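Printed here is structure.txt (compact mmCIF, C-alpha atoms):
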# COMPACT_ATOMS: atom_id res chain seq x y z
CA MET V 849 -54.32 5.32 -26.24
CA LEU V 850 -55.95 8.74 -25.90
CA GLU V 851 -56.74 8.15 -22.23
CA ASP V 852 -53.16 7.08 -21.54
CA PHE V 853 -51.81 10.22 -23.17
CA THR V 854 -54.23 12.48 -21.25
CA ALA V 855 -53.40 10.78 -17.93
CA LYS V 856 -49.77 11.86 -18.30
CA PHE V 857 -50.89 15.48 -17.90
CA THR V 858 -54.12 15.55 -15.91
CA GLN V 859 -56.29 13.35 -13.74
CA GLU V 860 -59.40 14.93 -15.25
CA LYS V 861 -61.50 12.31 -17.02
CA ILE V 862 -62.51 13.16 -20.53
CA SER V 863 -65.38 11.97 -22.69
CA PHE V 864 -64.75 12.03 -26.35
CA LYS V 865 -66.31 10.99 -29.61
CA LYS V 866 -64.74 9.76 -32.80
CA ILE V 867 -65.45 11.18 -36.24
CA GLY V 868 -63.52 9.26 -38.88
CA ASN V 869 -60.02 8.88 -37.43
CA LYS V 870 -60.35 12.08 -35.37
CA PHE V 871 -61.33 12.51 -31.73
CA PHE V 872 -63.32 15.42 -30.31
CA LEU V 873 -64.31 16.27 -26.73
CA GLU V 874 -67.95 15.66 -25.86
CA ASP V 875 -69.84 18.92 -25.36
CA LYS V 876 -73.53 18.67 -24.43
CA GLU V 877 -74.28 22.34 -25.12
CA LEU V 878 -72.64 22.31 -28.53
CA GLU V 879 -74.35 19.01 -29.31
CA LYS V 880 -77.70 20.86 -29.27
CA ALA V 881 -76.49 23.17 -32.03
CA LYS V 882 -75.72 20.40 -34.51
CA LEU V 883 -77.40 19.78 -37.83
CA LYS V 884 -78.92 16.38 -38.59
CA GLN V 885 -76.03 15.57 -40.98
CA LYS V 886 -72.77 14.10 -39.73
CA GLU V 887 -70.26 16.79 -38.80
CA LYS V 888 -66.55 16.60 -39.71
CA TYR V 889 -65.28 18.94 -36.99
CA PHE V 890 -66.81 19.44 -33.53
CA GLY V 891 -65.81 21.86 -30.76
CA ILE V 892 -62.52 20.87 -29.17
CA TYR V 893 -60.48 18.75 -31.55
CA VAL V 894 -58.51 16.29 -29.43
CA GLY V 895 -56.31 14.63 -32.01
CA GLU V 896 -56.18 11.70 -34.36
CA GLU V 897 -55.10 8.16 -34.76
CA GLN V 898 -52.23 7.62 -37.20
CA GLU V 899 -50.93 4.10 -37.74
CA GLY V 900 -51.95 3.04 -34.25
CA ASN V 901 -50.47 6.14 -32.59
CA PHE V 902 -52.35 9.03 -31.02
CA ILE V 903 -51.33 12.46 -32.33
CA PRO V 904 -52.74 15.24 -30.13
CA SER V 905 -54.10 18.42 -31.67
CA PHE V 906 -52.82 21.84 -30.67
CA VAL V 907 -56.21 22.85 -29.26
CA PHE V 908 -56.06 19.80 -27.01
CA LEU V 909 -52.50 20.57 -25.90
CA GLU V 910 -53.69 24.07 -24.97
CA TRP V 911 -56.62 22.52 -23.10
CA LEU V 912 -54.22 20.21 -21.24
CA ALA V 913 -51.84 23.06 -20.45
CA GLU V 914 -54.70 24.82 -18.63
CA ARG V 915 -55.00 21.78 -16.35
CA SER V 916 -51.49 20.40 -16.06
CA THR V 917 -48.35 21.13 -14.11
CA GLU V 918 -46.23 18.95 -16.39
CA LYS V 919 -44.74 21.91 -18.19
CA ILE V 920 -41.39 23.14 -19.31
CA PHE V 921 -41.00 26.89 -19.90
CA VAL V 922 -38.61 28.00 -22.62
CA LYS V 923 -36.85 31.32 -23.24
CA ASP V 924 -37.31 33.20 -26.55
CA ILE V 925 -34.38 31.46 -28.22
CA GLY V 926 -35.72 28.08 -27.16
CA GLU V 927 -39.15 28.99 -28.49
CA ILE V 928 -37.87 29.52 -32.02
CA ASP V 929 -35.66 26.41 -31.95
CA PHE V 930 -38.50 24.25 -30.67
CA LEU V 931 -40.85 25.54 -33.39
CA TYR V 932 -38.24 24.53 -35.95
CA GLY V 933 -38.26 21.01 -34.53
CA LYS V 934 -34.92 21.24 -32.76
CA THR V 935 -34.05 19.44 -29.55
CA LEU V 936 -34.13 21.77 -26.54
CA ARG V 937 -30.89 22.35 -24.68
CA SER V 938 -30.57 23.25 -21.02
CA ARG V 939 -29.69 26.87 -21.87
CA HIS V 940 -33.09 27.18 -23.62
CA ILE V 941 -35.00 26.32 -20.46
CA ASP V 942 -36.26 28.97 -18.07
CA HIS V 943 -37.90 26.66 -15.53
CA VAL V 944 -39.73 23.36 -15.21
CA GLU V 945 -42.94 22.43 -13.41
CA GLY V 946 -43.64 18.87 -12.26
CA GLU V 947 -41.24 15.98 -12.08
CA ILE V 948 -38.06 15.86 -14.17
CA LYS V 949 -37.34 12.29 -15.21
CA ILE V 950 -35.90 10.89 -18.44
CA GLY V 951 -38.71 9.56 -20.63
CA PHE V 952 -41.38 11.86 -19.12
CA LEU V 953 -43.55 13.92 -21.47
CA LYS V 954 -43.73 17.67 -20.91
CA LEU V 955 -45.91 20.38 -22.40
CA VAL V 956 -43.63 23.04 -23.84
CA GLN V 957 -44.68 26.60 -22.98
CA ASN V 958 -43.19 29.95 -23.91
CA MET V 959 -42.72 32.71 -21.33
CA TYR V 960 -46.34 33.84 -21.83
CA ASP V 961 -47.45 30.32 -20.83
CA GLU V 962 -48.64 29.68 -24.39
CA ASN V 963 -48.36 26.12 -25.62
CA LEU V 964 -45.85 25.40 -28.39
CA GLY V 965 -46.27 21.62 -28.44
CA TYR V 966 -44.90 18.82 -26.33
CA GLY V 967 -41.77 16.75 -26.05
CA LYS V 968 -39.96 13.98 -24.19
CA ILE V 969 -37.22 14.49 -21.61
CA THR V 970 -34.09 12.89 -23.01
CA GLY V 971 -31.32 14.07 -20.72
CA ASP V 972 -30.48 14.94 -17.15
CA PHE V 973 -30.86 18.73 -16.81
CA ALA V 974 -27.79 18.97 -14.60
CA LYS V 975 -25.49 16.76 -16.63
CA THR V 976 -26.38 16.87 -20.31
CA GLU V 977 -26.85 19.61 -22.84
CA GLN V 978 -29.75 18.09 -24.86
CA VAL V 979 -32.71 17.74 -22.55
CA LEU V 980 -35.99 17.60 -24.46
CA LYS V 981 -36.82 16.16 -27.85
CA PRO V 982 -39.89 17.60 -29.61
CA LYS V 983 -42.74 15.19 -30.29
CA VAL V 984 -45.12 17.72 -31.82
CA ASP V 985 -44.53 21.45 -32.39
CA ARG V 986 -46.67 24.22 -33.85
CA GLY V 987 -44.24 24.65 -36.75
CA LEU V 988 -46.38 21.87 -38.21
CA PHE V 989 -48.89 24.54 -39.30
CA LEU V 990 -46.33 25.89 -41.77
CA LYS V 991 -45.81 22.44 -43.27
CA ARG V 992 -49.56 21.90 -43.54
CA GLU V 993 -50.09 25.29 -45.18
CA LYS V 994 -47.30 24.70 -47.68
CA LYS V 995 -48.82 21.33 -48.57
CA LEU V 996 -52.25 22.93 -49.03
CA LYS V 997 -50.78 25.63 -51.26
CA ARG V 998 -49.06 23.02 -53.43
CA GLU V 999 -52.30 21.07 -53.78
CA GLU V 1000 -54.21 24.26 -54.60
CA GLU V 1001 -51.69 25.16 -57.31
CA LYS V 1002 -51.93 21.65 -58.76
CA ALA V 1003 -55.72 21.89 -58.89
CA MET A 239 -60.93 50.49 -73.28
CA ASN A 240 -61.73 47.31 -71.36
CA PRO A 241 -65.48 46.62 -71.06
CA PHE A 242 -65.18 46.49 -67.27
CA THR A 243 -63.56 49.92 -67.15
CA GLU A 244 -66.49 51.17 -69.26
CA ARG A 245 -68.96 49.61 -66.84
CA TYR A 246 -67.26 51.21 -63.84
CA LYS A 247 -67.46 54.56 -65.64
CA GLU A 248 -71.18 54.00 -66.05
CA MET A 249 -71.29 53.50 -62.27
CA GLY A 250 -69.61 56.89 -61.92
CA GLU A 251 -66.12 55.62 -61.04
CA GLU A 252 -62.73 56.16 -62.64
CA ILE A 253 -60.89 53.17 -61.20
CA GLU A 254 -57.19 53.02 -60.50
CA PHE A 255 -54.94 50.23 -59.29
CA ILE A 256 -53.59 50.72 -55.79
CA LYS A 257 -50.99 48.91 -53.72
CA LEU A 258 -52.75 46.94 -51.01
CA ARG A 259 -51.37 46.91 -47.49
CA LYS A 260 -51.02 43.60 -45.66
CA ALA A 261 -53.62 43.31 -42.94
CA ILE A 262 -54.12 41.05 -39.94
CA ARG A 263 -57.01 40.50 -37.53
CA VAL A 264 -56.18 39.88 -33.88
CA ASN A 265 -57.60 36.69 -32.39
CA THR A 266 -59.11 38.26 -29.28
CA LYS A 267 -59.88 34.82 -27.87
CA LYS A 268 -56.14 34.59 -27.23
CA ILE A 269 -54.74 38.11 -26.93
CA SER A 270 -55.79 41.77 -26.89
CA PRO A 271 -54.88 44.03 -29.83
CA GLU A 272 -52.72 46.15 -27.52
CA LYS A 273 -50.68 43.20 -26.25
CA LEU A 274 -50.18 41.76 -29.73
CA GLN A 275 -49.06 45.16 -30.99
CA GLU A 276 -46.52 45.38 -28.18
CA ARG A 277 -45.16 41.90 -28.92
CA LEU A 278 -44.89 42.35 -32.68
CA GLU A 279 -43.41 45.84 -32.45
CA LYS A 280 -40.65 44.42 -30.25
CA LYS A 281 -39.81 42.23 -33.26
CA HIS A 282 -39.56 45.32 -35.48
CA ILE A 283 -42.88 44.75 -37.21
CA GLU A 284 -44.58 48.04 -38.07
CA MET A 285 -48.18 48.04 -36.90
CA GLU A 286 -50.93 50.54 -37.67
CA ARG A 287 -54.49 50.19 -36.41
CA ILE A 288 -57.03 49.93 -39.26
CA PRO A 289 -59.40 52.74 -38.31
CA PHE A 290 -62.60 51.21 -39.70
CA VAL A 291 -62.47 47.75 -38.05
CA LYS A 292 -62.31 46.71 -34.40
CA ASN A 293 -59.31 44.40 -34.20
CA GLY A 294 -57.33 44.90 -37.39
CA PHE A 295 -53.83 46.18 -38.09
CA TRP A 296 -51.90 46.97 -41.24
CA VAL A 297 -48.51 45.34 -40.83
CA LYS A 298 -45.13 45.77 -42.45
CA ALA A 299 -42.05 43.65 -41.83
CA LYS A 300 -38.78 42.76 -43.50
CA PHE A 301 -39.54 39.06 -43.07
CA ASN A 302 -42.52 36.79 -43.56
CA LEU A 303 -44.87 36.97 -40.59
CA VAL A 304 -45.94 33.33 -40.95
CA SER A 305 -42.61 32.34 -39.47
CA THR A 306 -43.28 34.17 -36.21
CA PRO A 307 -44.32 32.26 -33.07
CA GLU A 308 -47.28 34.68 -32.81
CA TYR A 309 -48.66 33.45 -36.13
CA LEU A 310 -48.06 29.77 -35.31
CA LEU A 311 -49.70 30.32 -31.91
CA GLY A 312 -52.83 31.60 -33.67
CA LEU A 313 -52.69 35.07 -32.15
CA PHE A 314 -53.67 36.60 -35.50
CA TYR A 315 -55.11 35.78 -38.89
CA PHE A 316 -54.13 37.34 -42.21
CA GLN A 317 -57.32 38.99 -43.38
CA GLU A 318 -57.70 41.84 -45.82
CA ALA A 319 -59.14 44.94 -44.15
CA ALA A 320 -62.44 44.90 -46.10
CA ALA A 321 -62.95 41.20 -45.38
CA GLN A 322 -62.99 41.97 -41.65
CA ILE A 323 -66.13 44.11 -42.00
CA PRO A 324 -68.98 41.60 -42.69
CA VAL A 325 -68.75 39.83 -39.31
CA GLU A 326 -68.69 43.19 -37.54
CA VAL A 327 -71.81 44.19 -39.48
CA LEU A 328 -73.49 40.90 -38.52
CA ASN A 329 -72.49 41.39 -34.87
CA PRO A 330 -73.18 37.74 -33.92
CA LYS A 331 -74.45 37.08 -30.41
CA ASN A 332 -75.79 33.56 -30.73
CA LEU A 333 -75.44 30.45 -32.89
CA THR A 334 -74.51 31.59 -36.39
CA LEU A 335 -74.47 29.81 -39.71
CA ASP A 336 -71.47 30.55 -41.92
CA CYS A 337 -72.60 29.41 -45.35
CA CYS A 338 -69.43 29.19 -47.46
CA ALA A 339 -66.92 28.93 -44.69
CA ALA A 340 -63.46 28.03 -46.06
CA PRO A 341 -60.71 28.98 -45.54
CA GLY A 342 -62.17 30.16 -42.24
CA GLY A 343 -61.30 33.85 -41.85
CA LYS A 344 -64.87 34.82 -41.11
CA THR A 345 -65.74 31.56 -39.31
CA THR A 346 -62.94 32.13 -36.84
CA GLN A 347 -63.95 35.79 -36.50
CA ILE A 348 -67.57 34.82 -35.69
CA ALA A 349 -66.31 32.21 -33.21
CA GLU A 350 -64.77 34.98 -31.12
CA TYR A 351 -68.32 36.08 -30.29
CA ALA A 352 -70.67 33.12 -30.78
CA PRO A 353 -70.79 29.42 -31.65
CA VAL A 354 -70.66 28.71 -35.38
CA ILE A 355 -72.00 26.12 -37.76
CA ALA A 356 -69.57 26.28 -40.68
CA VAL A 357 -70.56 24.75 -44.00
CA GLU A 358 -68.16 24.19 -46.87
CA SER A 359 -68.64 22.02 -49.93
CA ASN A 360 -65.08 21.90 -51.29
CA ARG A 361 -62.96 19.11 -49.81
CA GLU A 362 -59.55 20.78 -50.28
CA ARG A 363 -60.76 24.09 -48.91
CA PHE A 364 -62.34 22.28 -45.96
CA VAL A 365 -58.88 21.12 -44.85
CA ALA A 366 -57.78 24.78 -44.72
CA LEU A 367 -60.87 25.59 -42.63
CA GLU A 368 -60.07 22.83 -40.09
CA ASN A 369 -56.45 23.92 -39.96
CA ASN A 370 -57.34 27.54 -39.21
CA ILE A 371 -59.89 26.64 -36.53
CA GLU A 372 -57.19 24.54 -34.85
CA ARG A 373 -54.43 27.15 -35.20
CA LEU A 374 -56.62 29.85 -33.68
CA GLY A 375 -57.56 27.48 -30.85
CA LEU A 376 -61.31 27.92 -31.21
CA ARG A 377 -63.58 25.58 -29.31
CA ASN A 378 -67.08 26.45 -30.48
CA CYS A 379 -67.14 25.56 -34.18
CA ILE A 380 -68.96 22.68 -35.80
CA ALA A 381 -67.98 22.19 -39.43
CA TYR A 382 -69.72 20.25 -42.18
CA LEU A 383 -68.35 19.19 -45.52
CA MET A 384 -71.49 19.58 -47.60
CA ASP A 385 -73.50 21.87 -49.82
CA LEU A 386 -75.42 24.69 -48.17
CA ARG A 387 -78.57 23.43 -49.86
CA GLU A 388 -78.51 20.35 -47.60
CA VAL A 389 -78.88 22.48 -44.44
CA ASP A 390 -82.41 22.51 -43.03
CA LYS A 391 -82.02 23.99 -39.53
CA ARG A 392 -83.28 27.51 -38.73
CA PHE A 393 -80.93 30.28 -37.58
CA SER A 394 -81.35 33.81 -36.29
CA SER A 395 -77.93 34.84 -37.56
CA ILE A 396 -76.42 33.93 -40.94
CA LEU A 397 -73.34 35.01 -42.85
CA LEU A 398 -73.33 34.43 -46.59
CA ASP A 399 -69.97 35.51 -47.95
CA ALA A 400 -70.79 34.21 -51.38
CA PRO A 401 -68.31 32.77 -53.89
CA CYS A 402 -67.90 35.49 -56.50
CA SER A 403 -65.88 36.50 -59.52
CA GLY A 404 -63.55 38.61 -57.37
CA ASN A 405 -62.24 41.97 -58.48
CA TYR A 406 -59.32 43.55 -60.30
CA MET A 407 -57.35 44.07 -57.09
CA LEU A 408 -57.24 40.37 -56.27
CA GLU A 409 -55.77 38.86 -59.39
CA ASP A 410 -53.39 39.89 -62.19
CA HIS A 411 -55.19 40.52 -65.49
CA TRP A 412 -58.56 40.07 -63.80
CA MET A 413 -60.27 42.21 -66.44
CA GLN A 414 -58.89 40.10 -69.26
CA LYS A 415 -59.75 36.82 -67.56
CA ASN A 416 -63.38 37.70 -66.80
CA SER A 417 -66.47 38.29 -68.88
CA LEU A 418 -70.02 39.43 -68.36
CA LYS A 419 -71.14 35.88 -69.14
CA ARG A 420 -69.06 34.58 -66.22
CA ILE A 421 -70.38 37.33 -63.95
CA ASN A 422 -73.96 36.41 -64.83
CA GLU A 423 -73.31 32.72 -64.19
CA ARG A 424 -71.93 33.60 -60.76
CA ALA A 425 -74.94 35.82 -60.09
CA GLU A 426 -77.34 32.93 -60.76
CA LYS A 427 -75.46 30.77 -58.24
CA GLN A 428 -75.50 33.64 -55.72
CA LYS A 429 -79.27 33.99 -56.09
CA GLU A 430 -79.64 30.26 -55.41
CA LEU A 431 -77.46 30.57 -52.32
CA ILE A 432 -79.21 33.61 -50.89
CA ALA A 433 -82.60 32.03 -51.57
CA HIS A 434 -81.63 28.96 -49.58
CA ALA A 435 -79.95 30.97 -46.83
CA LEU A 436 -83.06 33.14 -46.47
CA SER A 437 -85.26 30.06 -46.22
CA LEU A 438 -83.16 29.07 -43.17
CA LEU A 439 -83.47 32.48 -41.51
CA GLU A 440 -85.90 32.87 -38.60
CA LYS A 441 -88.35 35.77 -38.44
CA ASP A 442 -86.50 38.88 -37.18
CA GLY A 443 -83.25 37.07 -37.96
CA ILE A 444 -80.32 38.82 -39.62
CA ILE A 445 -78.34 37.75 -42.66
CA VAL A 446 -75.25 39.53 -43.91
CA TYR A 447 -74.54 39.01 -47.60
CA SER A 448 -71.09 39.96 -48.86
CA THR A 449 -68.85 39.42 -51.85
CA CYS A 450 -65.45 40.64 -52.97
CA SER A 451 -66.97 41.55 -56.33
CA ILE A 452 -67.90 45.06 -57.43
CA GLU A 453 -70.21 43.94 -60.22
CA PRO A 454 -73.84 44.98 -59.61
CA GLU A 455 -75.11 41.64 -60.96
CA GLU A 456 -73.41 39.86 -58.03
CA ASN A 457 -74.43 42.44 -55.47
CA GLU A 458 -77.28 44.95 -55.77
CA PHE A 459 -79.16 42.74 -58.25
CA VAL A 460 -78.91 39.78 -55.84
CA ILE A 461 -80.32 41.93 -53.03
CA GLN A 462 -83.13 43.11 -55.34
CA PHE A 463 -83.85 39.43 -56.06
CA ALA A 464 -84.05 38.78 -52.29
CA LEU A 465 -86.42 41.73 -51.81
CA ASP A 466 -88.61 40.52 -54.69
CA HIS A 467 -88.94 36.94 -53.43
CA PHE A 468 -88.64 37.00 -49.62
CA PRO A 469 -90.12 39.00 -46.71
CA VAL A 470 -86.92 40.91 -45.96
CA LYS A 471 -85.83 44.49 -45.57
CA VAL A 472 -82.41 46.03 -46.07
CA GLU A 473 -81.00 47.47 -42.87
CA LYS A 474 -78.76 50.51 -42.58
CA ILE A 475 -75.16 49.67 -41.82
CA ASN A 476 -72.46 51.80 -40.39
CA CYS A 477 -69.19 51.09 -42.19
CA ILE A 478 -66.92 52.60 -44.81
CA GLY A 479 -67.89 52.55 -48.46
CA ASP A 480 -70.35 54.13 -50.86
CA PRO A 481 -74.11 53.51 -50.81
CA GLY A 482 -75.34 50.57 -52.88
CA LEU A 483 -76.39 51.51 -56.40
CA THR A 484 -80.11 51.97 -56.99
CA LYS A 485 -80.07 53.04 -60.65
CA ILE A 486 -77.72 51.14 -62.90
CA PHE A 487 -77.57 49.72 -66.43
CA GLY A 488 -81.06 51.07 -67.13
CA LYS A 489 -82.55 49.34 -64.09
CA LYS A 490 -84.18 51.05 -61.15
CA LEU A 491 -83.73 49.13 -57.91
CA ASP A 492 -85.40 49.37 -54.52
CA PRO A 493 -84.26 52.62 -52.82
CA SER A 494 -83.39 50.72 -49.61
CA ILE A 495 -80.49 49.08 -51.48
CA ALA A 496 -78.68 52.37 -50.89
CA HIS A 497 -78.26 51.09 -47.28
CA CYS A 498 -75.79 48.49 -48.59
CA ARG A 499 -72.14 49.42 -48.87
CA ARG A 500 -69.82 49.00 -51.85
CA LEU A 501 -66.11 49.49 -51.34
CA TRP A 502 -64.20 50.84 -54.33
CA PRO A 503 -60.46 50.09 -54.00
CA HIS A 504 -59.38 53.56 -55.15
CA LYS A 505 -61.54 55.14 -52.44
CA THR A 506 -61.16 52.79 -49.45
CA LYS A 507 -57.62 51.50 -50.23
CA THR A 508 -58.90 47.96 -49.74
CA ILE A 509 -59.94 45.22 -52.14
CA GLY A 510 -63.30 45.75 -53.83
CA PHE A 511 -66.16 44.63 -51.60
CA PHE A 512 -69.92 44.68 -51.14
CA ILE A 513 -71.90 44.23 -47.92
CA ALA A 514 -75.64 44.06 -47.23
CA ARG A 515 -77.50 43.43 -43.97
CA LEU A 516 -81.02 42.03 -44.32
CA LYS A 517 -83.66 41.41 -41.67
CA LYS A 518 -86.44 38.89 -42.16
CA CYS A 519 -89.90 40.38 -41.48
Do you think you could lay out the structure here as structure tokens?
Amino acid sequence: MLEDFTAKFTQEKISFKKIGNKFFLEDKELEKAKLKQKEKYFGIYVGEEQEGNFIPSFVFLEWLAERSTEKIFVKDIGEIDFLYGKTLRSRHIDHVEGEIKIGFLKLVQNMYDENLGYGKITGDFAKTEQVLKPKVDRGLFLKREKKLKREEEKA
Amino acid sequence: MNPFTERYKEMGEEIEFIKLRKAIRVNTKKISPEKLQERLEKKHIEMERIPFVKNGFWVKAKFNLVSTPEYLLGLFYFQEAAAQIPVEVLNPKNLTLDCCAAPGGKTTQIAEYAPVIAVESNRERFVALENNIERLGLRNCIAYLMDLREVDKRFSSILLDAPCSGNYMLEDHWMQKNSLKRINERAEKQKELIAHALSLLEKDGIIVYSTCSIEPEENEFVIQFALDHFPVKVEKINCIGDPGLTKIFGKKLDPSIAHCRRLWPHKTKTIGFFIARLKKC
């Protein structure tokens, strides 16, 4: 699951460990710093398992973006739309690295090569308007923060 | 007159309520302050460097900054100006223990310079800590959901930003909601925390103790307790604020407590704050 996802972006082999339903990258140096108790968060958070699916973390997507050429670069207008969960249109795209094929996953980068999330190619760039559907975008932080605030207020 | 106002008078201060400015800290693991300033100013966000911290800006915008890509990308963290000082005073260079870590402002600040062991005992607040570590893209944090008193590893660098009763700038009607009894209860907890944190500190190690309270019971008296029970000395620190109080409420404290810094909102234009740097002998 996790290995399959990683292989779509890099050939680099990763070693990971599982804490609860979350995955973290192995890190021998950081391992030495640990306490004897079981940690909940460790170094590079890779992602988690949700109902049999792997949901990558944003730190891991950044880590992959440093190693991958499977990227799509979006203009400012595309950046905002993507962060609001909207499907990217061809006019949003500045350029693409790697192969363009329907069904392929691409890391979505802004013009500073900063990772915004990832998505799936859904249309032919030359023929159709809607070309990439978001799978995960950093707008998720807003949703998480709103949820936390609601829970805090309840408490 | 409110009893707190009376107490502040006894400390020599005529307090006044001020309007706080929104502050951010730049995540230098991802971007330089200069580049972030350039990007945000292009979006018509007014930016002014905070003169007494390294990577902070006061910001002003006609819209909410959390909706900007720069926030979602973790290029900055909302952190009150005074709250940016303790980590700078600690100046972490190697593995650091952050004792009461959530929501992660100081943990993520430490992680810009050194690996961090972050400890938090509150489950809901722990989620916020994880979220912020992820948003800021930090890769050198290990976080534990547990009480500080369970930690038994030794550290040469510790931050104890202790839970406190807060101050009148943080909450509406703070003076009406609080009492000396509550302050004293907090102070007992803070003494427990500093005692445990000091037991984890290596010889020659540094601990920074801070609170966002301006009550002496939660600050100078806690440091006096540390001096009375542990082989520590108070180190001079170079930051804004007044010297720690050494004579208050009929008590005479160790003169070295003057090396601590207390930030009065009406003087520093920040929230109320207290910072002490101790070295284990």
Would you tabulate, counting only C-alpha atoms, all residues of chain A that have an atom at most 6 Å from an atom of chain V, showing the closest pair of atoms and their distance in Å to one decimal, sorted by chain then ascending number, as a tab-separated table?
residue	atom	partner	partner_atom	distance
A:Leu310	CA	V:Arg986	CA	5.9
A:Glu372	CA	V:Val907	CA	5.9
A:Gly375	CA	V:Val907	CA	5.1
A:Arg377	CA	V:Gly891	CA	4.6
A:Asn378	CA	V:Gly891	CA	4.8
A:Cys379	CA	V:Gly891	CA	5.2
A:Ile380	CA	V:Phe890	CA	4.5
A:Ala381	CA	V:Tyr889	CA	4.9
A:Tyr382	CA	V:Glu887	CA	4.9
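Among the candidates A:Ser494, A:Asn329, A:Ser403, A:Thr484, the residue lying nearest to Thr449 of chain A is A:Ser403 (atoms considered: all atoms listed in the file).
Among the candidates A:Ser305, A:Gly479, A:Trp412, A:Val297, the one nearest to Thr506 of chain A when counting only C-alpha atoms is A:Gly479.
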- Query: Looking at all atoms listed in the file, which of A:Leu335, A:Leu311, A:Lys518, A:His504 is the one that sits closest to Glu251 of chain A?
  - Reply: A:His504
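Minimum distance to Val979 of chain V across V:Thr858, V:Phe853, V:Leu936, V:Gly967 (counting all atoms listed in the file) occurs at V:Leu936.
When atom CA of Glu308 of chain A is paired with atom CA of Thr970 of chain V, their separation reads 27.3 Å.
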- Neighbours of segment 263-275 of chain A within 10 Å (only C-alpha atoms; same-chain residues fewer than 2 positions away dropped), as JSON, numbers by chain? {"V": [962], "A": [261, 277, 278, 279, 280, 281, 283, 284, 285, 286, 287, 288, 291, 292, 293, 294, 295, 296, 297, 308, 311, 312, 313, 314, 315, 316, 317, 318, 319, 321, 322, 343, 346, 347, 349, 350, 351, 374, 375, 376]}
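Atom pair atom CA of Leu980 of chain V / atom CA of Asp852 of chain V: separated by 20.3 Å.
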- Item | Near-segment 355-360 of chain A list (7 Å; only C-alpha atoms; drop same-chain fewer than 3 positions) as a PyMOL selection string | chain A and resi 334-340+345+363-364+379-386
